Amino acid sequence: MTDTTSIRHPTPLTSGDFTAAEEPFALFAEWFAEAVKAEPNDPNAMSLATVDDDGLPDVRMVLMKGYDAGGFVFYSHITSQKGRELATNPKAALLFHWKSLRRQVRIRGNVSPVTEAEADAYFATRPKQAQIGAWASKQSQPLESRFAFEQAIAKVAAKHIVGEVPRPQGWSGWRIVPARFEFWHDRPFRLHDRIEFRRDAPDDAWTKVRLYP
């Protein structure tokens, strides 16, 4: 299981009825804490949806590496497909699906880059082999062979046998600032519970509505 001990999050709620929640971040913290205990692999995995220049959606799985009231953070190469699409259209949607709990959380909002200091701090926590891989990979670009990639990894590893591996300038992170949350919980006969939180700006109060399944 992915180590999630470094992920920052608000204090979870204690109420058993999630539809009574008035604030989405605390509810997410409660559900995420339960997912960490229940999911056998990567409870912080989330699908990330972006849009290309033609308006065609892209979706892929990424790992959430931090969250708080400011938003949800993940890291990757700036020149990757997701990075290029976010540079052009800095909006995204996230989906957490915790199958063992029969729960989903959908999030939509604007996206902004993390600071250099944040990217440096997180990169320093990665295993050295993963740091080396970040230097060797030209993410989303054509690769002539696996052998070519392994050669690139070996060259970077030889360069950094001793000492720390610095963060590549082309590797950083993004923060999705939620404007919408939807919490979904499975119920018998597909009569599911759904609540949505909305706000027009990050400093606005949240409004909540219950949705038909």
# chains A, B, ... in the order shown; residues from 1 in each chain; ligands from 1

$ select_by_dssp --residues "chain A" --states "helix (DSSP H, G or I)" --output "ChimeraX atom specification"
/A:18-20,24-38,81-88,99-101,116-125,128-136,146-159,188-190

$ write_last_selection --atoms "C-alpha atoms" --output "PDB file, in the first residue's frame"
ATOM      1  CA  PHE A  18     -22.678  11.878   5.786  1.00  0.00           C
ATOM      2  CA  THR A  19     -25.652  13.720   4.257  1.00  0.00           C
ATOM      3  CA  ALA A  20     -25.781  15.896   7.371  1.00  0.00           C
ATOM      4  CA  PRO A  24     -16.895  18.982   2.234  1.00  0.00           C
ATOM      5  CA  PHE A  25     -13.231  18.914   3.294  1.00  0.00           C
ATOM      6  CA  ALA A  26     -13.978  17.474   6.738  1.00  0.00           C
ATOM      7  CA  LEU A  27     -16.288  14.892   5.177  1.00  0.00           C
ATOM      8  CA  PHE A  28     -13.597  13.965   2.668  1.00  0.00           C
ATOM      9  CA  ALA A  29     -11.102  13.601   5.538  1.00  0.00           C
ATOM     10  CA  GLU A  30     -13.448  11.167   7.289  1.00  0.00           C
ATOM     11  CA  TRP A  31     -13.985   9.081   4.157  1.00  0.00           C
ATOM     12  CA  PHE A  32     -10.306   9.121   3.241  1.00  0.00           C
ATOM     13  CA  ALA A  33      -9.297   7.968   6.725  1.00  0.00           C
ATOM     14  CA  GLU A  34     -11.679   5.029   6.369  1.00  0.00           C
ATOM     15  CA  ALA A  35     -10.333   4.271   2.874  1.00  0.00           C
ATOM     16  CA  VAL A  36      -6.756   4.154   4.196  1.00  0.00           C
ATOM     17  CA  LYS A  37      -7.857   1.409   6.584  1.00  0.00           C
ATOM     18  CA  ALA A  38     -10.037  -0.503   4.091  1.00  0.00           C
ATOM     19  CA  GLN A  81       0.282  15.125 -21.809  1.00  0.00           C
ATOM     20  CA  LYS A  82      -1.540  16.108 -18.639  1.00  0.00           C
ATOM     21  CA  GLY A  83       0.961  18.906 -18.029  1.00  0.00           C
ATOM     22  CA  ARG A  84       0.540  20.344 -21.510  1.00  0.00           C
ATOM     23  CA  GLU A  85      -3.239  20.158 -21.283  1.00  0.00           C
ATOM     24  CA  LEU A  86      -3.307  21.836 -17.870  1.00  0.00           C
ATOM     25  CA  ALA A  87      -1.057  24.612 -19.170  1.00  0.00           C
ATOM     26  CA  THR A  88      -3.589  25.324 -21.924  1.00  0.00           C
ATOM     27  CA  LYS A  99     -14.661   0.001  -4.150  1.00  0.00           C
ATOM     28  CA  SER A 100     -14.444  -1.838  -0.840  1.00  0.00           C
ATOM     29  CA  LEU A 101     -16.407   0.974   0.843  1.00  0.00           C
ATOM     30  CA  GLU A 116       9.027  25.514  -6.306  1.00  0.00           C
ATOM     31  CA  ALA A 117       9.525  24.911  -2.587  1.00  0.00           C
ATOM     32  CA  GLU A 118       6.602  22.480  -2.457  1.00  0.00           C
ATOM     33  CA  ALA A 119       7.869  20.568  -5.475  1.00  0.00           C
ATOM     34  CA  ASP A 120      11.388  20.396  -4.039  1.00  0.00           C
ATOM     35  CA  ALA A 121      10.124  19.214  -0.652  1.00  0.00           C
ATOM     36  CA  TYR A 122       8.006  16.430  -2.108  1.00  0.00           C
ATOM     37  CA  PHE A 123      10.653  15.298  -4.620  1.00  0.00           C
ATOM     38  CA  ALA A 124      13.108  14.883  -1.743  1.00  0.00           C
ATOM     39  CA  THR A 125      10.776  12.329  -0.126  1.00  0.00           C
ATOM     40  CA  LYS A 128      16.107   7.510  -5.031  1.00  0.00           C
ATOM     41  CA  GLN A 129      15.234   5.118  -7.870  1.00  0.00           C
ATOM     42  CA  ALA A 130      12.020   7.076  -8.486  1.00  0.00           C
ATOM     43  CA  GLN A 131      14.007  10.320  -8.484  1.00  0.00           C
ATOM     44  CA  ILE A 132      16.384   8.845 -11.059  1.00  0.00           C
ATOM     45  CA  GLY A 133      13.429   7.698 -13.154  1.00  0.00           C
ATOM     46  CA  ALA A 134      12.041  11.232 -13.198  1.00  0.00           C
ATOM     47  CA  TRP A 135      15.290  12.406 -14.824  1.00  0.00           C
ATOM     48  CA  ALA A 136      15.454   9.511 -17.292  1.00  0.00           C
ATOM     49  CA  ARG A 146      12.523  -0.508 -23.196  1.00  0.00           C
ATOM     50  CA  PHE A 147      16.271  -1.024 -23.524  1.00  0.00           C
ATOM     51  CA  ALA A 148      16.728   2.639 -24.458  1.00  0.00           C
ATOM     52  CA  PHE A 149      14.849   3.651 -21.306  1.00  0.00           C
ATOM     53  CA  GLU A 150      16.964   1.323 -19.151  1.00  0.00           C
ATOM     54  CA  GLN A 151      20.117   2.820 -20.672  1.00  0.00           C
ATOM     55  CA  ALA A 152      18.895   6.312 -19.802  1.00  0.00           C
ATOM     56  CA  ILE A 153      18.174   5.197 -16.239  1.00  0.00           C
ATOM     57  CA  ALA A 154      21.663   3.684 -15.941  1.00  0.00           C
ATOM     58  CA  LYS A 155      23.312   6.923 -17.122  1.00  0.00           C
ATOM     59  CA  VAL A 156      21.416   9.026 -14.581  1.00  0.00           C
ATOM     60  CA  ALA A 157      22.093   6.492 -11.809  1.00  0.00           C
ATOM     61  CA  ALA A 158      25.828   6.582 -12.574  1.00  0.00           C
ATOM     62  CA  LYS A 159      25.800  10.362 -12.320  1.00  0.00           C
ATOM     63  CA  PRO A 188     -29.519  -1.264  -2.168  1.00  0.00           C
ATOM     64  CA  PHE A 189     -31.509  -1.383  -5.407  1.00  0.00           C
ATOM     65  CA  ARG A 190     -29.430   1.507  -6.842  1.00  0.00           C
TER      66      ARG A 190
END

$ select_by_dssp --residues "range 110-201 of chain A" --states "strand (DSSP E)" --output "PDB file with C-alpha atoms, in the first residue's frame"
ATOM      1  CA  ASN A 110      -9.414  25.255 -11.294  1.00  0.00           C
ATOM      2  CA  VAL A 111      -5.791  24.141 -11.283  1.00  0.00           C
ATOM      3  CA  SER A 112      -2.618  26.026 -10.392  1.00  0.00           C
ATOM      4  CA  PRO A 113       1.045  24.942 -10.145  1.00  0.00           C
ATOM      5  CA  TRP A 171       9.042  17.965 -12.958  1.00  0.00           C
ATOM      6  CA  SER A 172       6.587  19.632 -10.609  1.00  0.00           C
ATOM      7  CA  GLY A 173       3.047  19.487  -9.277  1.00  0.00           C
ATOM      8  CA  TRP A 174      -0.423  20.971  -9.461  1.00  0.00           C
ATOM      9  CA  ARG A 175      -3.143  21.859  -7.004  1.00  0.00           C
ATOM     10  CA  ILE A 176      -6.815  21.394  -7.886  1.00  0.00           C
ATOM     11  CA  VAL A 177      -8.890  23.955  -5.981  1.00  0.00           C
ATOM     12  CA  PRO A 178     -12.398  22.497  -5.671  1.00  0.00           C
ATOM     13  CA  ALA A 179     -15.448  24.397  -6.840  1.00  0.00           C
ATOM     14  CA  ARG A 180     -17.619  21.252  -6.724  1.00  0.00           C
ATOM     15  CA  PHE A 181     -17.656  18.138  -4.554  1.00  0.00           C
ATOM     16  CA  GLU A 182     -20.043  15.232  -4.953  1.00  0.00           C
ATOM     17  CA  PHE A 183     -20.170  12.441  -2.378  1.00  0.00           C
ATOM     18  CA  TRP A 184     -21.805   9.187  -3.506  1.00  0.00           C
ATOM     19  CA  HIS A 185     -22.577   6.155  -1.349  1.00  0.00           C
ATOM     20  CA  ASP A 193     -27.201   8.654  -1.512  1.00  0.00           C
ATOM     21  CA  ARG A 194     -25.631  11.680  -3.217  1.00  0.00           C
ATOM     22  CA  ILE A 195     -24.852  15.174  -1.945  1.00  0.00           C
ATOM     23  CA  GLU A 196     -23.164  17.994  -3.810  1.00  0.00           C
ATOM     24  CA  PHE A 197     -21.290  21.003  -2.433  1.00  0.00           C
ATOM     25  CA  ARG A 198     -20.738  24.091  -4.594  1.00  0.00           C
TER      26      ARG A 198
END

$ residues_around --residues "His97 in chain A" --least-positions-apart "4" --cutoff "10 Å" --atoms "only C-alpha atoms" --output "NGL selection string"
:A and (35 or 43-47 or 101-106 or 184)
